[in-house]
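Here's upload36.cif, which has mmCIF, C-alpha atoms:
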```
data_protein
#
loop_
_atom_site.group_PDB
_atom_site.id
_atom_site.type_symbol
_atom_site.label_atom_id
_atom_site.label_comp_id
_atom_site.auth_asym_id
_atom_site.auth_seq_id
_atom_site.Cartn_x
_atom_site.Cartn_y
_atom_site.Cartn_z
ATOM 1 C CA MET V 1 130.499 96.437 90.477
ATOM 2 C CA THR V 2 127.565 98.766 89.927
ATOM 3 C CA GLN V 3 126.335 99.171 86.382
ATOM 4 C CA GLY V 4 126.077 102.731 85.086
ATOM 5 C CA LYS V 5 122.632 103.889 84.073
ATOM 6 C CA ILE V 6 123.104 107.405 82.720
ATOM 7 C CA SER V 7 126.804 108.201 82.892
ATOM 8 C CA THR V 8 128.798 107.351 79.798
ATOM 9 C CA ILE V 9 132.451 106.532 79.329
ATOM 10 C CA ASP V 10 134.194 109.084 77.163
ATOM 11 C CA THR V 11 135.933 107.375 74.305
ATOM 12 C CA LYS V 12 137.479 108.485 71.061
ATOM 13 C CA ASP V 13 136.714 105.126 69.453
ATOM 14 C CA LYS V 14 133.980 105.444 66.848
ATOM 15 C CA GLY V 15 134.117 101.855 65.710
ATOM 16 C CA LEU V 16 131.162 99.514 65.252
ATOM 17 C CA GLY V 17 129.262 99.045 68.492
ATOM 18 C CA SER V 18 130.609 102.246 70.015
ATOM 19 C CA SER V 19 128.463 105.219 70.976
ATOM 20 C CA GLY V 20 131.194 107.612 69.967
ATOM 21 C CA ASN V 21 132.662 110.226 72.201
ATOM 22 C CA ARG V 22 130.758 112.355 74.698
ATOM 23 C CA THR V 23 131.343 115.596 72.771
ATOM 24 C CA ASP V 24 129.655 114.148 69.699
ATOM 25 C CA LEU V 25 126.740 112.858 71.767
ATOM 26 C CA ARG V 26 126.304 116.203 73.528
ATOM 27 C CA THR V 27 126.235 117.982 70.159
ATOM 28 C CA ILE V 28 123.717 115.579 68.644
ATOM 29 C CA PHE V 29 121.446 115.417 71.704
ATOM 30 C CA ALA V 30 121.931 118.906 73.140
ATOM 31 C CA THR V 31 118.432 119.050 74.684
ATOM 32 C CA SER V 32 118.623 115.611 76.284
ATOM 33 C CA PRO V 33 117.719 115.645 80.007
ATOM 34 C CA ILE V 34 121.041 113.878 80.555
ATOM 35 C CA TYR V 35 123.062 116.786 79.186
ATOM 36 C CA LEU V 36 120.779 119.387 80.730
ATOM 37 C CA GLY V 37 121.579 117.831 84.130
ATOM 38 C CA GLU V 38 117.973 116.823 84.827
ATOM 39 C CA VAL V 39 118.732 113.118 85.197
ATOM 40 C CA ASN V 40 121.683 111.197 86.611
ATOM 41 C CA ASP V 41 122.392 107.770 88.077
ATOM 42 C CA ASP V 42 121.353 108.722 91.620
ATOM 43 C CA GLU V 43 118.145 110.438 90.461
ATOM 44 C CA ARG V 44 117.244 107.385 88.334
ATOM 45 C CA LYS V 45 117.800 104.988 91.263
ATOM 46 C CA ILE V 46 115.452 107.060 93.425
ATOM 47 C CA LEU V 47 112.854 107.187 90.647
ATOM 48 C CA TYR V 48 113.036 103.457 89.915
ATOM 49 C CA GLN V 49 112.709 102.559 93.602
ATOM 50 C CA SER V 50 109.675 104.852 93.927
ATOM 51 C CA LEU V 51 108.093 103.054 90.976
ATOM 52 C CA LEU V 52 108.549 99.726 92.796
ATOM 53 C CA ASP V 53 106.829 100.963 95.958
ATOM 54 C CA GLY V 54 103.261 102.017 96.720
ATOM 55 C CA GLU V 55 100.266 101.542 94.434
ATOM 56 C CA ALA V 56 100.145 100.703 90.725
ATOM 57 C CA ASP V 57 97.663 103.011 89.064
ATOM 58 C CA GLY V 58 95.734 100.214 87.405
ATOM 59 C CA ASN V 59 96.385 101.290 83.821
ATOM 60 C CA HIS V 60 98.815 98.476 83.102
ATOM 61 C CA TYR V 61 97.794 95.324 81.283
ATOM 62 C CA GLY V 62 94.253 95.323 82.668
ATOM 63 C CA LEU V 63 95.359 94.411 86.182
ATOM 64 C CA GLY V 64 93.559 97.233 87.940
ATOM 65 C CA GLN V 65 94.990 99.039 90.925
ATOM 66 C CA PHE V 66 97.145 96.933 93.210
ATOM 67 C CA ASN V 67 99.676 97.395 95.969
ATOM 68 C CA LEU V 68 103.307 96.925 94.939
ATOM 69 C CA ASP V 69 104.394 96.441 98.551
ATOM 70 C CA TYR V 70 102.066 93.437 98.861
ATOM 71 C CA ILE V 71 100.141 95.032 101.719
ATOM 72 C CA GLY V 72 97.132 92.898 102.550
ATOM 73 C CA ALA V 73 98.574 89.587 101.365
ATOM 74 C CA PRO V 74 96.630 86.720 102.925
ATOM 75 C CA ASP V 75 97.640 84.991 106.115
ATOM 76 C CA MET V 76 96.807 81.297 106.191
ATOM 77 C CA SER V 77 95.421 81.562 109.723
ATOM 78 C CA ASP V 78 92.767 83.980 108.439
ATOM 79 C CA VAL V 79 91.248 81.481 105.966
ATOM 80 C CA LYS V 80 87.616 80.740 106.823
ATOM 81 C CA THR V 81 87.070 76.980 106.834
ATOM 82 C CA GLY V 82 84.110 74.686 107.284
ATOM 83 C CA GLY V 83 81.075 73.791 105.215
ATOM 84 C CA ALA V 84 78.899 75.840 102.856
ATOM 85 C CA GLY V 85 81.585 76.086 100.174
ATOM 86 C CA SER V 86 84.497 76.995 102.437
ATOM 87 C CA PRO V 87 87.711 74.984 102.152
ATOM 88 C CA ALA V 88 88.497 72.175 104.576
ATOM 89 C CA SER V 89 91.667 73.988 105.653
ATOM 90 C CA PRO V 90 93.899 76.759 104.307
ATOM 91 C CA TYR V 91 95.655 74.063 102.280
ATOM 92 C CA VAL V 92 92.928 71.936 100.657
ATOM 93 C CA PRO V 93 89.366 72.291 99.349
ATOM 94 C CA ASN V 94 86.423 70.667 101.072
ATOM 95 C CA PRO V 95 86.039 67.148 99.630
ATOM 96 C CA THR V 96 82.414 66.636 100.691
ATOM 97 C CA SER V 97 79.561 66.450 98.246
ATOM 98 C CA PRO V 98 76.613 68.863 98.477
ATOM 99 C CA GLY V 99 74.450 65.773 98.834
ATOM 100 C CA ALA V 100 71.752 64.115 96.757
ATOM 101 C CA GLY V 101 69.326 66.503 95.126
ATOM 102 C CA ASN V 102 71.524 69.573 95.710
ATOM 103 C CA GLY V 103 73.322 69.470 92.372
ATOM 104 C CA SER V 104 76.622 71.245 92.639
ATOM 105 C CA ASP V 105 75.509 73.930 95.103
ATOM 106 C CA PRO V 106 78.528 74.429 97.397
ATOM 107 C CA SER V 107 76.380 76.193 99.998
ATOM 108 C CA LYS V 108 74.917 72.730 100.763
ATOM 109 C CA GLN V 109 78.312 71.199 101.594
ATOM 110 C CA GLU V 110 78.828 69.967 105.116
ATOM 111 C CA GLU V 111 82.106 70.429 106.959
ATOM 112 C CA ALA V 112 85.026 68.264 105.879
ATOM 113 C CA PRO V 113 85.875 65.177 107.937
ATOM 114 C CA GLU V 114 87.611 65.991 111.232
ATOM 115 C CA GLY V 115 91.293 66.840 110.652
ATOM 116 C CA PHE V 116 91.083 66.581 106.851
ATOM 117 C CA GLY V 117 93.900 68.544 105.200
ATOM 118 C CA THR V 118 94.891 70.380 108.354
ATOM 119 C CA THR V 119 98.505 69.281 108.111
ATOM 120 C CA ALA V 120 100.190 70.991 105.230
ATOM 121 C CA SER V 121 102.441 68.851 103.104
ATOM 122 C CA ASP V 122 105.764 70.414 102.308
ATOM 123 C CA THR V 123 106.587 71.313 98.740
ATOM 124 C CA PRO V 124 109.278 69.494 96.803
ATOM 125 C CA TYR V 125 112.486 71.172 95.663
ATOM 126 C CA SER V 126 113.894 74.251 97.370
ATOM 127 C CA GLY V 127 112.223 77.050 99.244
ATOM 128 C CA HIS V 128 110.215 77.525 102.400
ATOM 129 C CA GLY V 129 107.119 75.816 101.040
ATOM 130 C CA VAL V 130 104.170 75.966 103.405
ATOM 131 C CA THR V 131 106.282 77.058 106.352
ATOM 132 C CA LEU V 132 106.121 80.629 105.084
ATOM 133 C CA THR V 133 102.719 82.278 104.646
ATOM 134 C CA PRO V 134 101.950 84.581 101.715
ATOM 135 C CA ARG V 135 101.865 87.478 104.176
ATOM 136 C CA GLU V 136 105.324 86.645 105.563
ATOM 137 C CA SER V 137 106.958 86.144 102.177
ATOM 138 C CA SER V 138 105.296 89.243 100.710
ATOM 139 C CA ASN V 139 106.589 91.326 103.607
ATOM 140 C CA LYS V 140 110.132 90.077 103.026
ATOM 141 C CA ILE V 141 109.957 90.721 99.278
ATOM 142 C CA SER V 142 108.490 94.210 99.736
ATOM 143 C CA GLN V 143 111.480 95.199 101.878
ATOM 144 C CA GLN V 144 113.863 94.687 98.972
ATOM 145 C CA THR V 145 115.419 97.697 97.288
ATOM 146 C CA LEU V 146 117.350 98.181 94.089
ATOM 147 C CA GLY V 147 120.789 96.719 94.597
ATOM 148 C CA SER V 148 119.753 94.424 97.455
ATOM 149 C CA TYR V 149 118.787 91.519 95.236
ATOM 150 C CA ILE V 150 120.488 88.190 95.864
ATOM 151 C CA SER V 151 121.385 85.918 92.975
ATOM 152 C CA ASN V 152 119.099 82.870 92.778
ATOM 153 C CA ARG V 153 117.078 83.842 95.881
ATOM 154 C CA SER V 154 113.752 85.521 96.567
ATOM 155 C CA PHE V 155 115.115 87.101 99.739
ATOM 156 C CA GLU V 156 117.820 86.570 102.351
ATOM 157 C CA GLY V 157 117.239 83.227 104.042
ATOM 158 C CA SER V 158 115.274 81.679 101.168
ATOM 159 C CA GLN V 159 116.729 78.518 99.650
#
```

Could the structure of this file be written out as structure tokens, please?
Amino acid sequence: MTQGKISTIDTKDKGLGSSGNRTDLRTIFATSPIYLGEVNDDERKILYQSLLDGEADGNHYGLGQFNLDYIGAPDMSDVKTGGAGSPASPYVPNPTSPGAGNGSDPSKQEEAPEGFGTTASDTPYSGHGVTLTPRESSNKISQQTLGSYISNRSFEGSQ
């Protein structure tokens, strides 16, 4: 069952918790965009979906501009690894020390031991864990539309 957004049910009941009948509402709010025909359920669905897609203007909560379709999400195979402050693998930091006399300067780190952290450990509980990259999951989430959400799931096929 689809929930109404704009349309109201006409009722004669004016009891507690009731909005009253449509005639009364139209009289009280005669210049409302609802009664002027400027907004309706279909128009609202289109507007809401458009607000979920594209770029956020950056004026919200200090987040700056960002892409709501998750374009540019990282792919684990693109992670630069090695020494000089880079992680040992896409899954773990480099465990090596910068060496005596170098303080905490990560640019002095050597590469991690051969094979260190290259096998991702799966996450506990449900979900795809490390088998799904941020780029893959972001792509699946960005394809969702209003009304396509699945109860208790991020996207079709997630656990």

Output the residue selection produced by the PyMOL selection byres ((chain V and resi 91-93) around 9) on the file above, formatted as a ChimeraX atom specification.
/V:76,85-90,94-95,112,116-121,130

Between V:Gly82, V:Pro74, V:Gly62, V:Pro106, which is the closest to Glu136 of chain V once you count only C-alpha atoms?
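Closest residue, counting only C-alpha atoms: V:Pro74.
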
List the residues selected by the PyMOL selection byres ((chain V and resi 96) around 9) in the file shown, writing them as a ChimeraX atom specification.
/V:83,94-95,97-99,109-113

I'd like the residues picked by the PyMOL selection byres ((chain V and resi 44) around 12) written out as an MDAnalysis selection string, using the chain letters and numbers from the file.
chainID V and resid 4:7 33:34 38:43 45:51 146

Atom CA of Ala73 of chain V and atom CA of Leu52 of chain V, how far apart in Å?
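Interatomic distance, atom CA of Leu52 of chain V to atom CA of Ala73 of chain V: 16.6 Å.
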
Nearest-residue call for Ser104 of chain V, choices V:Ala84, V:Ile141, V:Arg26, V:Asn67, using only C-alpha atoms:
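Ranking V:Ala84, V:Ile141, V:Arg26, V:Asn67 by distance to Ser104 of chain V, first place goes to V:Ala84.
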
Report, in Å to a single decimal, how far apart atom CA of Pro134 of chain V and atom CA of Asp53 of chain V are.
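Going from atom CA of Asp53 of chain V over to atom CA of Pro134 of chain V covers 18.0 Å.
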
Could you add N, CA and C atoms to segment 60-91 of chain V and give me the result as a JSON list (two decimals), in the frame of the given file?
```json
[["chain", "number", "residue", "atom", "x", "y", "z"],
["V", 60, "HIS", "N", 97.83, 99.35, 83.73],
["V", 60, "HIS", "CA", 98.82, 98.48, 83.10],
["V", 60, "HIS", "C", 98.26, 97.08, 82.89],
["V", 61, "TYR", "N", 98.15, 96.69, 81.66],
["V", 61, "TYR", "CA", 97.79, 95.32, 81.28],
["V", 61, "TYR", "C", 96.48, 94.83, 81.88],
["V", 62, "GLY", "N", 95.56, 95.72, 82.18],
["V", 62, "GLY", "CA", 94.25, 95.32, 82.67],
["V", 62, "GLY", "C", 94.25, 94.75, 84.07],
["V", 63, "LEU", "N", 95.28, 94.99, 84.84],
["V", 63, "LEU", "CA", 95.36, 94.41, 86.18],
["V", 63, "LEU", "C", 94.58, 95.19, 87.22],
["V", 64, "GLY", "N", 94.22, 96.42, 86.94],
["V", 64, "GLY", "CA", 93.56, 97.23, 87.94],
["V", 64, "GLY", "C", 94.56, 97.74, 88.95],
["V", 65, "GLN", "N", 94.10, 98.49, 89.91],
["V", 65, "GLN", "CA", 94.99, 99.04, 90.92],
["V", 65, "GLN", "C", 95.39, 97.94, 91.90],
["V", 66, "PHE", "N", 96.68, 97.91, 92.24],
["V", 66, "PHE", "CA", 97.14, 96.93, 93.21],
["V", 66, "PHE", "C", 98.34, 97.48, 93.95],
["V", 67, "ASN", "N", 98.61, 96.91, 95.11],
["V", 67, "ASN", "CA", 99.68, 97.40, 95.97],
["V", 67, "ASN", "C", 100.98, 96.70, 95.63],
["V", 68, "LEU", "N", 102.01, 97.48, 95.31],
["V", 68, "LEU", "CA", 103.31, 96.92, 94.94],
["V", 68, "LEU", "C", 104.13, 96.49, 96.14],
["V", 69, "ASP", "N", 103.71, 96.86, 97.33],
["V", 69, "ASP", "CA", 104.39, 96.44, 98.55],
["V", 69, "ASP", "C", 103.72, 95.22, 99.17],
["V", 70, "TYR", "N", 102.76, 94.65, 98.45],
["V", 70, "TYR", "CA", 102.07, 93.44, 98.86],
["V", 70, "TYR", "C", 101.32, 93.60, 100.18],
["V", 71, "ILE", "N", 100.91, 94.81, 100.50],
["V", 71, "ILE", "CA", 100.14, 95.03, 101.72],
["V", 71, "ILE", "C", 98.80, 94.33, 101.57],
["V", 72, "GLY", "N", 98.40, 93.60, 102.58],
["V", 72, "GLY", "CA", 97.13, 92.90, 102.55],
["V", 72, "GLY", "C", 97.22, 91.49, 102.00],
["V", 73, "ALA", "N", 98.43, 90.97, 101.82],
["V", 73, "ALA", "CA", 98.57, 89.59, 101.36],
["V", 73, "ALA", "C", 97.93, 88.67, 102.41],
["V", 74, "PRO", "N", 97.35, 87.58, 101.98],
["V", 74, "PRO", "CA", 96.63, 86.72, 102.92],
["V", 74, "PRO", "C", 97.54, 86.03, 103.93],
["V", 75, "ASP", "N", 96.98, 85.78, 105.08],
["V", 75, "ASP", "CA", 97.64, 84.99, 106.12],
["V", 75, "ASP", "C", 96.84, 83.70, 106.23],
["V", 76, "MET", "N", 97.50, 82.59, 106.20],
["V", 76, "MET", "CA", 96.81, 81.30, 106.19],
["V", 76, "MET", "C", 95.91, 81.11, 107.41],
["V", 77, "SER", "N", 96.25, 81.72, 108.53],
["V", 77, "SER", "CA", 95.42, 81.56, 109.72],
["V", 77, "SER", "C", 94.11, 82.33, 109.61],
["V", 78, "ASP", "N", 94.00, 83.21, 108.62],
["V", 78, "ASP", "CA", 92.77, 83.98, 108.44],
["V", 78, "ASP", "C", 91.76, 83.30, 107.51],
["V", 79, "VAL", "N", 92.13, 82.16, 106.92],
["V", 79, "VAL", "CA", 91.25, 81.48, 105.97],
["V", 79, "VAL", "C", 90.05, 80.89, 106.69],
["V", 80, "LYS", "N", 88.86, 81.27, 106.24],
["V", 80, "LYS", "CA", 87.62, 80.74, 106.82],
["V", 80, "LYS", "C", 87.41, 79.32, 106.30],
["V", 81, "THR", "N", 87.26, 78.38, 107.21],
["V", 81, "THR", "CA", 87.07, 76.98, 106.83],
["V", 81, "THR", "C", 85.72, 76.48, 107.32],
["V", 82, "GLY", "N", 85.36, 75.29, 106.86],
["V", 82, "GLY", "CA", 84.11, 74.69, 107.28],
["V", 82, "GLY", "C", 83.28, 74.24, 106.10],
["V", 83, "GLY", "N", 81.98, 74.20, 106.28],
["V", 83, "GLY", "CA", 81.08, 73.79, 105.22],
["V", 83, "GLY", "C", 80.62, 74.98, 104.38],
["V", 84, "ALA", "N", 79.53, 74.79, 103.67],
["V", 84, "ALA", "CA", 78.90, 75.84, 102.86],
["V", 84, "ALA", "C", 79.85, 76.45, 101.83],
["V", 85, "GLY", "N", 80.71, 75.61, 101.24],
["V", 85, "GLY", "CA", 81.58, 76.09, 100.17],
["V", 85, "GLY", "C", 82.95, 76.54, 100.63],
["V", 86, "SER", "N", 83.18, 76.61, 101.94],
["V", 86, "SER", "CA", 84.50, 77.00, 102.44],
["V", 86, "SER", "C", 85.46, 75.82, 102.32],
["V", 87, "PRO", "N", 86.75, 76.09, 102.24],
["V", 87, "PRO", "CA", 87.71, 74.98, 102.15],
["V", 87, "PRO", "C", 87.77, 74.20, 103.46],
["V", 88, "ALA", "N", 88.34, 73.00, 103.38],
["V", 88, "ALA", "CA", 88.50, 72.18, 104.58],
["V", 88, "ALA", "C", 89.57, 72.76, 105.49],
["V", 89, "SER", "N", 90.58, 73.36, 104.91],
["V", 89, "SER", "CA", 91.67, 73.99, 105.65],
["V", 89, "SER", "C", 92.29, 75.03, 104.73],
["V", 90, "PRO", "N", 93.24, 75.80, 105.20],
["V", 90, "PRO", "CA", 93.90, 76.76, 104.31],
["V", 90, "PRO", "C", 94.66, 76.08, 103.17],
["V", 91, "TYR", "N", 94.82, 74.76, 103.25],
["V", 91, "TYR", "CA", 95.66, 74.06, 102.28],
["V", 91, "TYR", "C", 94.91, 73.21, 101.27]]
```
